[in-house]
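Source file data15.txt; content: compact mmCIF, C-alpha atoms.
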# COMPACT_ATOMS: atom_id res chain seq x y z
CA MET A 27 65.55 197.93 195.87
CA ILE A 28 64.60 199.97 192.81
CA ILE A 29 68.20 200.13 191.58
CA THR A 30 68.56 196.33 191.99
CA LYS A 31 65.44 195.69 189.90
CA LEU A 32 66.61 198.19 187.28
CA LYS A 33 69.93 196.39 186.98
CA MET A 34 68.15 193.04 186.56
CA ILE A 35 66.05 194.43 183.71
CA LEU A 36 68.89 196.21 181.93
CA ASN A 37 71.19 193.18 182.04
CA LEU A 38 68.75 190.85 180.31
CA LYS A 39 70.58 190.07 177.06
CA ASP A 40 67.57 188.44 175.40
CA THR A 41 65.49 191.56 176.02
CA MET A 42 68.24 193.72 174.58
CA LYS A 43 68.57 191.62 171.42
CA TYR A 44 64.79 191.63 170.93
CA PHE A 45 64.69 195.42 171.24
CA LEU A 46 67.54 195.85 168.76
CA TRP A 47 65.82 193.72 166.15
CA CYS A 48 62.53 195.57 166.67
CA LEU A 49 64.33 198.87 166.21
CA LEU A 50 66.01 197.63 163.03
CA GLY A 51 62.65 196.57 161.63
CA LEU A 52 61.04 199.88 162.55
CA CYS A 53 63.80 201.85 160.86
CA PHE A 54 63.68 199.81 157.66
CA SER A 55 59.89 200.04 157.46
CA SER A 56 59.97 203.79 158.04
CA SER A 57 62.42 204.28 155.20
CA VAL A 58 59.58 204.06 152.71
CA LEU A 59 57.82 207.04 154.29
CA ARG A 60 58.30 210.57 153.07
CA ALA A 61 61.03 212.49 154.84
CA GLU A 62 59.43 215.88 155.18
CA GLY A 63 60.20 218.47 157.80
CA VAL A 64 63.55 217.25 159.10
CA GLN A 65 64.95 220.72 159.59
CA MET A 66 67.86 220.35 162.01
CA PRO A 67 71.35 220.18 160.50
CA MET A 68 72.19 216.52 159.91
CA TYR A 69 75.73 215.28 159.69
CA SER A 70 76.74 212.25 157.66
CA GLN A 71 79.40 211.17 160.17
CA TYR A 72 77.25 211.59 163.27
CA MET A 73 77.79 207.93 164.25
CA PHE A 74 81.46 208.80 164.87
CA ASN A 75 80.65 211.97 166.86
CA MET A 76 77.26 211.36 168.45
CA LEU A 77 77.54 214.47 170.62
CA ASN A 78 75.91 216.33 167.71
CA VAL A 79 72.82 214.14 168.12
CA ASN A 80 72.71 213.14 171.79
CA PRO A 81 74.10 215.00 174.86
CA ALA A 82 74.38 211.68 176.72
CA TYR A 83 77.55 211.03 174.68
CA ALA A 84 79.47 213.72 176.58
CA GLY A 85 82.59 211.93 177.84
CA HIS A 86 81.48 208.57 176.43
CA ARG A 87 84.97 207.74 175.17
CA GLY A 88 86.42 208.31 178.62
CA MET A 89 89.10 210.84 177.66
CA ASN A 90 89.67 214.41 176.49
CA SER A 91 88.44 214.60 172.91
CA LEU A 92 88.42 217.59 170.54
CA THR A 93 86.48 217.26 167.26
CA ALA A 94 86.15 219.70 164.36
CA LEU A 95 83.68 219.22 161.50
CA TYR A 96 83.01 221.15 158.29
CA ARG A 97 80.04 220.39 156.04
CA ASN A 98 79.35 222.03 152.66
CA GLN A 99 75.93 220.88 151.48
CA TRP A 100 74.42 220.86 147.98
CA MET A 101 77.32 222.53 146.24
CA GLY A 102 76.16 224.48 143.22
CA ILE A 103 73.08 225.96 144.88
CA LYS A 104 73.53 229.56 145.97
CA GLY A 105 72.88 229.96 149.68
CA ALA A 106 72.99 226.22 150.42
CA PRO A 107 73.79 225.18 154.00
CA VAL A 108 77.37 225.42 155.27
CA THR A 109 77.94 224.11 158.80
CA THR A 110 80.99 224.24 161.04
CA THR A 111 81.28 222.73 164.54
CA LEU A 112 84.00 222.49 167.15
CA SER A 113 83.28 220.26 170.13
CA TRP A 114 85.15 219.09 173.21
CA ASP A 115 84.15 216.49 175.79
CA ARG A 116 85.74 214.40 178.53
CA ARG A 117 85.13 212.05 181.43
CA GLY A 118 87.59 211.20 184.18
CA ASN A 119 89.13 207.75 184.43
CA GLU A 120 87.20 206.75 187.55
CA SER A 121 84.27 209.12 187.15
CA ASN A 122 80.71 208.59 185.96
CA VAL A 123 80.28 212.28 185.12
CA GLY A 124 80.96 213.54 181.61
CA TYR A 125 80.86 217.07 180.29
CA GLY A 126 81.75 219.08 177.23
CA ALA A 127 81.08 222.13 175.09
CA GLN A 128 80.40 222.88 171.45
CA PHE A 129 80.54 225.92 169.22
CA TYR A 130 78.68 225.79 165.91
CA ASN A 131 77.93 228.05 162.99
CA ASP A 132 75.27 227.30 160.41
CA GLN A 133 74.72 229.45 157.32
CA LEU A 134 71.65 229.03 155.12
CA GLY A 135 71.07 231.74 152.54
CA ALA A 136 70.39 234.99 154.37
CA GLU A 137 70.16 233.18 157.73
CA THR A 138 73.09 232.73 160.09
CA THR A 139 72.87 230.76 163.32
CA SER A 140 75.79 230.60 165.74
CA GLY A 141 75.63 228.92 169.10
CA LEU A 142 77.47 227.74 172.16
CA GLN A 143 76.30 224.69 174.10
CA ALA A 144 77.41 222.98 177.30
CA PHE A 145 76.88 219.25 177.91
CA TYR A 146 76.53 217.17 181.06
CA SER A 147 76.09 213.42 181.35
CA TYR A 148 75.80 210.94 184.20
CA ARG A 149 76.47 207.23 183.75
CA LEU A 150 74.95 204.38 185.77
CA PRO A 151 77.36 201.44 185.34
CA PHE A 152 76.11 197.87 185.53
CA GLU A 153 77.87 194.53 185.27
CA THR A 154 78.36 194.56 181.50
CA THR A 155 76.32 197.58 180.40
CA SER A 156 75.69 201.20 181.35
CA LEU A 157 72.81 203.65 181.19
CA THR A 158 73.71 207.29 180.66
CA PHE A 159 71.54 210.41 180.87
CA GLY A 160 72.58 213.68 179.25
CA LEU A 161 71.53 217.32 179.22
CA SER A 162 72.60 220.26 177.08
CA GLY A 163 72.02 223.96 177.41
CA GLY A 164 73.25 227.13 175.80
CA VAL A 165 72.47 230.14 173.66
CA LEU A 166 72.32 230.77 169.94
CA ALA A 167 72.57 233.97 167.96
CA TYR A 168 70.16 234.06 165.03
CA SER A 169 70.31 236.71 162.32
CA ILE A 170 68.81 237.27 158.91
CA ASP A 171 70.22 239.81 156.46
CA PRO A 172 67.77 240.89 153.70
CA ASN A 173 70.70 242.19 151.65
CA LYS A 174 71.79 238.59 151.06
CA LEU A 175 68.45 237.56 149.57
CA ASP A 176 68.32 236.93 145.84
CA PHE A 177 64.82 237.22 144.35
CA GLY A 178 65.98 236.41 140.84
CA LYS A 179 65.30 238.29 137.64
CA ASP A 180 62.16 239.15 135.72
CA ILE A 181 61.44 238.27 132.08
CA ALA A 182 63.35 241.34 130.91
CA GLY A 183 66.41 240.24 132.86
CA ASN A 184 66.14 242.91 135.51
CA GLN A 185 66.90 242.08 139.13
CA ILE A 186 63.71 241.77 141.19
CA SER A 187 63.77 244.06 144.21
CA ASN A 188 62.84 243.00 147.72
CA ASN A 189 59.26 244.16 148.38
CA ASP A 190 58.43 241.50 150.96
CA VAL A 191 57.69 243.14 154.31
CA ALA A 192 58.73 239.98 156.16
CA PHE A 193 62.28 240.40 154.85
CA SER A 194 62.56 244.17 154.83
CA ASN A 195 64.43 244.51 158.13
CA GLN A 196 67.47 242.79 159.50
CA ALA A 197 66.71 240.59 162.49
CA ASN A 198 69.07 239.65 165.30
CA ARG A 199 68.04 237.45 168.22
CA ILE A 200 69.78 235.76 171.15
CA LEU A 201 67.83 232.62 172.05
CA PRO A 202 68.18 229.83 174.65
CA THR A 203 68.65 226.16 173.74
CA ALA A 204 68.29 222.92 175.72
CA GLY A 205 68.39 219.21 174.94
CA PHE A 206 68.00 215.77 176.52
CA GLY A 207 69.33 212.32 175.71
CA MET A 208 69.70 208.73 176.94
CA LEU A 209 72.27 206.08 176.04
CA TYR A 210 72.18 202.38 176.93
CA SER A 211 75.34 200.62 175.80
CA ALA A 212 77.81 197.78 176.16
CA HIS A 213 81.30 197.40 174.73
CA ASN A 214 80.08 196.54 171.22
CA TRP A 215 76.49 197.81 170.92
CA TYR A 216 74.33 200.78 171.85
CA VAL A 217 70.75 202.06 171.85
CA ASN A 218 70.05 205.77 172.24
CA PHE A 219 67.18 208.24 172.32
CA SER A 220 67.36 212.02 172.29
CA ILE A 221 65.51 215.29 171.81
CA PRO A 222 68.39 217.66 170.94
CA SER A 223 66.25 220.80 170.94
CA LEU A 224 63.63 221.12 173.69
CA LEU A 225 62.84 224.80 173.20
CA GLY A 226 60.80 226.14 170.29
CA THR A 227 63.15 229.01 169.69
CA ARG A 228 63.27 229.20 165.90
CA PRO A 229 62.06 232.68 164.83
CA ASP A 230 58.79 232.98 162.94
CA ILE A 231 59.62 233.47 159.25
CA ASN A 232 56.81 236.04 158.94
CA ASN A 233 58.12 237.99 161.91
CA PRO A 234 61.80 237.25 162.55
CA ASN A 235 61.75 239.24 165.78
CA GLN A 236 59.29 236.76 167.31
CA THR A 237 59.63 233.03 168.01
CA GLY A 238 56.91 231.12 166.24
CA ASN A 239 57.07 227.57 167.63
CA LYS A 240 55.29 226.45 170.77
CA PHE A 241 56.95 224.06 173.22
CA GLY A 242 56.93 220.55 171.78
CA GLN A 243 55.38 221.55 168.48
CA ASN A 244 58.51 221.00 166.43
CA PHE A 245 60.54 218.54 168.51
CA HIS A 246 63.10 216.42 166.69
CA TYR A 247 63.12 212.88 168.08
CA PHE A 248 66.09 210.59 167.44
CA LEU A 249 66.10 206.84 168.12
CA GLY A 250 69.10 204.79 167.09
CA ALA A 251 71.03 201.58 167.58
CA GLY A 252 74.34 200.08 166.48
CA TYR A 253 76.28 196.84 166.80
CA ASN A 254 79.82 195.66 166.19
CA PHE A 255 80.36 192.30 164.50
CA SER A 256 83.89 190.95 164.74
CA VAL A 257 84.40 188.95 161.53
CA ASN A 258 88.01 188.05 162.30
CA GLU A 259 91.11 189.64 163.82
CA TYR A 260 91.47 191.94 160.80
CA LEU A 261 87.89 192.95 159.98
CA ASP A 262 84.92 194.33 161.93
CA LEU A 263 81.51 195.35 160.60
CA LYS A 264 79.52 198.14 162.24
CA PRO A 265 75.86 198.42 161.14
CA SER A 266 73.76 201.18 162.70
CA VAL A 267 70.37 202.78 162.20
CA LEU A 268 68.88 206.13 163.17
CA LEU A 269 65.16 206.90 163.08
CA LYS A 270 64.20 210.57 163.03
CA SER A 271 60.77 212.06 163.65
CA VAL A 272 59.66 215.69 163.65
CA GLY A 273 56.66 217.04 165.52
CA ALA A 274 53.45 215.45 166.72
CA PRO A 275 50.85 214.28 165.96
CA THR A 276 51.48 214.85 162.24
CA SER A 277 55.01 213.44 162.40
CA SER A 278 57.43 213.16 159.53
CA PHE A 279 59.90 210.31 159.47
CA GLN A 280 63.32 209.65 158.04
CA ALA A 281 65.58 206.65 158.49
CA ASP A 282 69.34 206.33 158.13
CA MET A 283 70.92 202.92 157.57
CA ASN A 284 74.69 202.72 157.87
CA LEU A 285 77.33 200.05 157.45
CA THR A 286 81.03 200.56 158.10
CA ALA A 287 83.85 198.05 157.71
CA TRP A 288 86.93 198.59 159.89
CA ILE A 289 90.16 197.05 158.65
CA GLN A 290 92.74 196.34 161.36
CA ASN A 291 91.24 199.12 163.46
CA THR A 292 92.96 201.63 161.18
CA VAL A 293 90.85 202.22 158.05
CA GLY A 294 87.07 202.42 157.98
CA LEU A 295 85.02 202.36 154.77
CA GLY A 296 81.31 202.98 155.04
CA PHE A 297 78.04 203.41 153.20
CA SER A 298 74.80 205.10 154.29
CA TYR A 299 71.29 205.36 152.89
CA ARG A 300 69.10 208.23 154.04
CA SER A 301 65.51 207.50 153.04
CA ASN A 302 64.23 209.59 150.14
CA SER A 303 67.20 211.90 150.49
CA SER A 304 70.72 210.67 149.72
CA ILE A 305 73.31 207.95 149.65
CA VAL A 306 76.62 208.54 151.40
CA GLY A 307 80.11 207.17 151.03
CA MET A 308 82.45 207.51 154.02
CA ALA A 309 86.10 206.93 154.80
CA GLU A 310 87.73 207.05 158.23
CA PHE A 311 91.44 206.90 159.04
CA GLN A 312 92.92 206.33 162.49
CA ILE A 313 96.15 208.13 161.67
CA SER A 314 97.63 207.63 165.15
CA ASN A 315 96.55 207.01 168.73
CA PHE A 316 95.79 210.72 168.87
CA ILE A 317 94.38 211.70 165.47
CA ARG A 318 91.39 210.50 163.47
CA LEU A 319 90.34 211.87 160.08
CA GLY A 320 86.99 211.32 158.36
CA TYR A 321 85.45 212.27 155.03
CA ALA A 322 81.90 211.83 153.70
CA TYR A 323 80.45 212.35 150.23
CA ASP A 324 76.68 212.73 149.94
CA TYR A 325 74.88 212.16 146.65
CA SER A 326 71.29 213.38 146.53
CA ILE A 327 68.64 210.95 145.25
CA SER A 328 65.75 213.38 145.74
CA LEU A 329 64.40 215.96 143.26
CA LEU A 330 67.26 218.24 144.33
CA ASN A 331 69.56 216.04 142.30
CA LYS A 332 68.61 218.05 139.19
CA TYR A 333 69.85 221.29 140.69
CA ALA A 334 72.30 220.51 143.49
CA GLY A 335 75.79 219.15 143.49
CA ALA A 336 77.28 216.77 146.00
CA THR A 337 77.76 217.41 149.71
CA HIS A 338 81.23 217.21 151.26
CA GLU A 339 81.94 216.72 154.94
CA ILE A 340 85.30 216.58 156.73
CA MET A 341 85.87 215.58 160.36
CA LEU A 342 89.08 215.76 162.41
CA ARG A 343 89.39 214.43 165.97
CA TYR A 344 92.28 214.83 168.38
CA GLU A 345 92.38 212.89 171.65
CA PHE A 346 94.58 214.11 174.49
CA VAL A 347 96.14 210.82 175.50
CA THR A 348 98.68 210.72 178.31
CA PRO A 349 101.14 207.83 178.77
CA THR A 350 99.06 206.50 181.68
CA ARG A 351 95.91 206.54 179.56
CA ARG A 352 97.41 205.13 176.37
CA SER A 353 96.31 201.58 177.17
CA ASN A 354 92.72 202.74 177.68
CA ILE A 355 92.22 204.12 174.17
CA LEU A 356 88.98 202.84 172.69
CA SER A 357 89.32 200.99 169.44
CA PRO A 358 87.62 202.94 166.62
CA ARG A 359 85.53 199.88 165.84
CA TYR A 360 83.51 200.39 169.02
CA TYR A 361 80.90 203.02 169.76
Please express the file's structure as structure tokens.
Amino acid sequence: MIITKLKMILNLKDTMKYFLWCLLGLCFSSSVLRAEGVQMPMYSQYMFNMLNVNPAYAGHRGMNSLTALYRNQWMGIKGAPVTTTLSWDRRGNESNVGYGAQFYNDQLGAETTSGLQAFYSYRLPFETTSLTFGLSGGVLAYSIDPNKLDFGKDIAGNQISNNDVAFSNQANRILPTAGFGMLYSAHNWYVNFSIPSLLGTRPDINNPNQTGNKFGQNFHYFLGAGYNFSVNEYLDLKPSVLLKSVGAPTSSFQADMNLTAWIQNTVGLGFSYRSNSSIVGMAEFQISNFIRLGYAYDYSISLLNKYAGATHEIMLRYEFVTPTRRSNILSPRYY
């Protein structure tokens, strides 16, 4: 009885369209707000590898998929973030269960964070849509090396020594991670919500050997939507939005607005605007049925523009397609 009513609600197209337009309006209105406090690593090509944002995407493409990503942020600034990820996910042909794993390494100045996560998702299929729930869990290794800190030079040109007690000792911690996500989608649109990090496990900067965040104090909330418009047999347009909020009740907001044009399902050219932060140019190439290559170039429009260079991001995906699965390959124009 409950499942039947749920299906009736989720298959109401008018309700879905209304929600999508409300979400678009919310994201555009939030783009004028200040984007303070968004601290998690953010990838420019996340809409093509949503596993980095939402664990419900584990196995979403219905095949074995291996994706590598390298991001070099704010080139020209010493100690700027450098992020590397390697992720794998799959879902069986007739299964509603998806799973995957991801290794990541994030370097920011004297801080290094490496982690390993596992993903699990379960899909509830309906007539033309599906609702998927996802969980993630794993461990991360956090370390801070005071020897890598640069305190600059004094007026005389002498190197300033490290006298800060908070950074006098090297810290190494092994910490747990967990995340949750939901995905409601059809063949050419999606709506998703996620909290990628449920545990307040970031060490206290004043005492790196202790965790300083309470549960829920520094949650990162992600709410997004995307749609595919088929212009003609050669061209498809893919607009998408992602609204990000950090913490409560004094939340900080940031909105991403993206538009990608896919030409003959082979070449994708895109543009993104990240409120009060950057504009992004993207290019995607479906080299073969197996290989997909992506590149993104971020240009900062914040005050960092005076000091930082551009950000470069490269993504490479390989899909393990067997002859029996070749006909089931998802077109890159869909989510």
- atom CA of Leu201 of chain A to atom CA of Tyr69 of chain A measures 22.7 Å
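Pairwise distance (atom CA of Leu285 of chain A, atom CA of Asn254 of chain A) equals 10.1 Å.
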Taking every listed atom of segment 136-150 of chain A and adding 5 Å to each side, what centre and edge lengths in Å (one decimal) does the axis-aligned box have, as JSON?
{"center_x": 73.8, "center_y": 219.7, "center_z": 170.1, "size_x": 17.3, "size_y": 40.6, "size_z": 41.4}
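Relative to atom CA of Thr111 of chain A, atom CA of Lys332 of chain A is found at 28.7 Å.
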- Show which residues sit within 9 Å of Ile200 of chain A, as a PyMOL selection string. Count only C-alpha atoms, and ignore same-chain residues fewer than 3 positions away. chain A and resi 165-169
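Among the candidates A:Leu249, A:Ala287, A:Leu95, A:Met76, the residue lying nearest to Ala322 of chain A is A:Leu95 (atoms considered: only C-alpha atoms).
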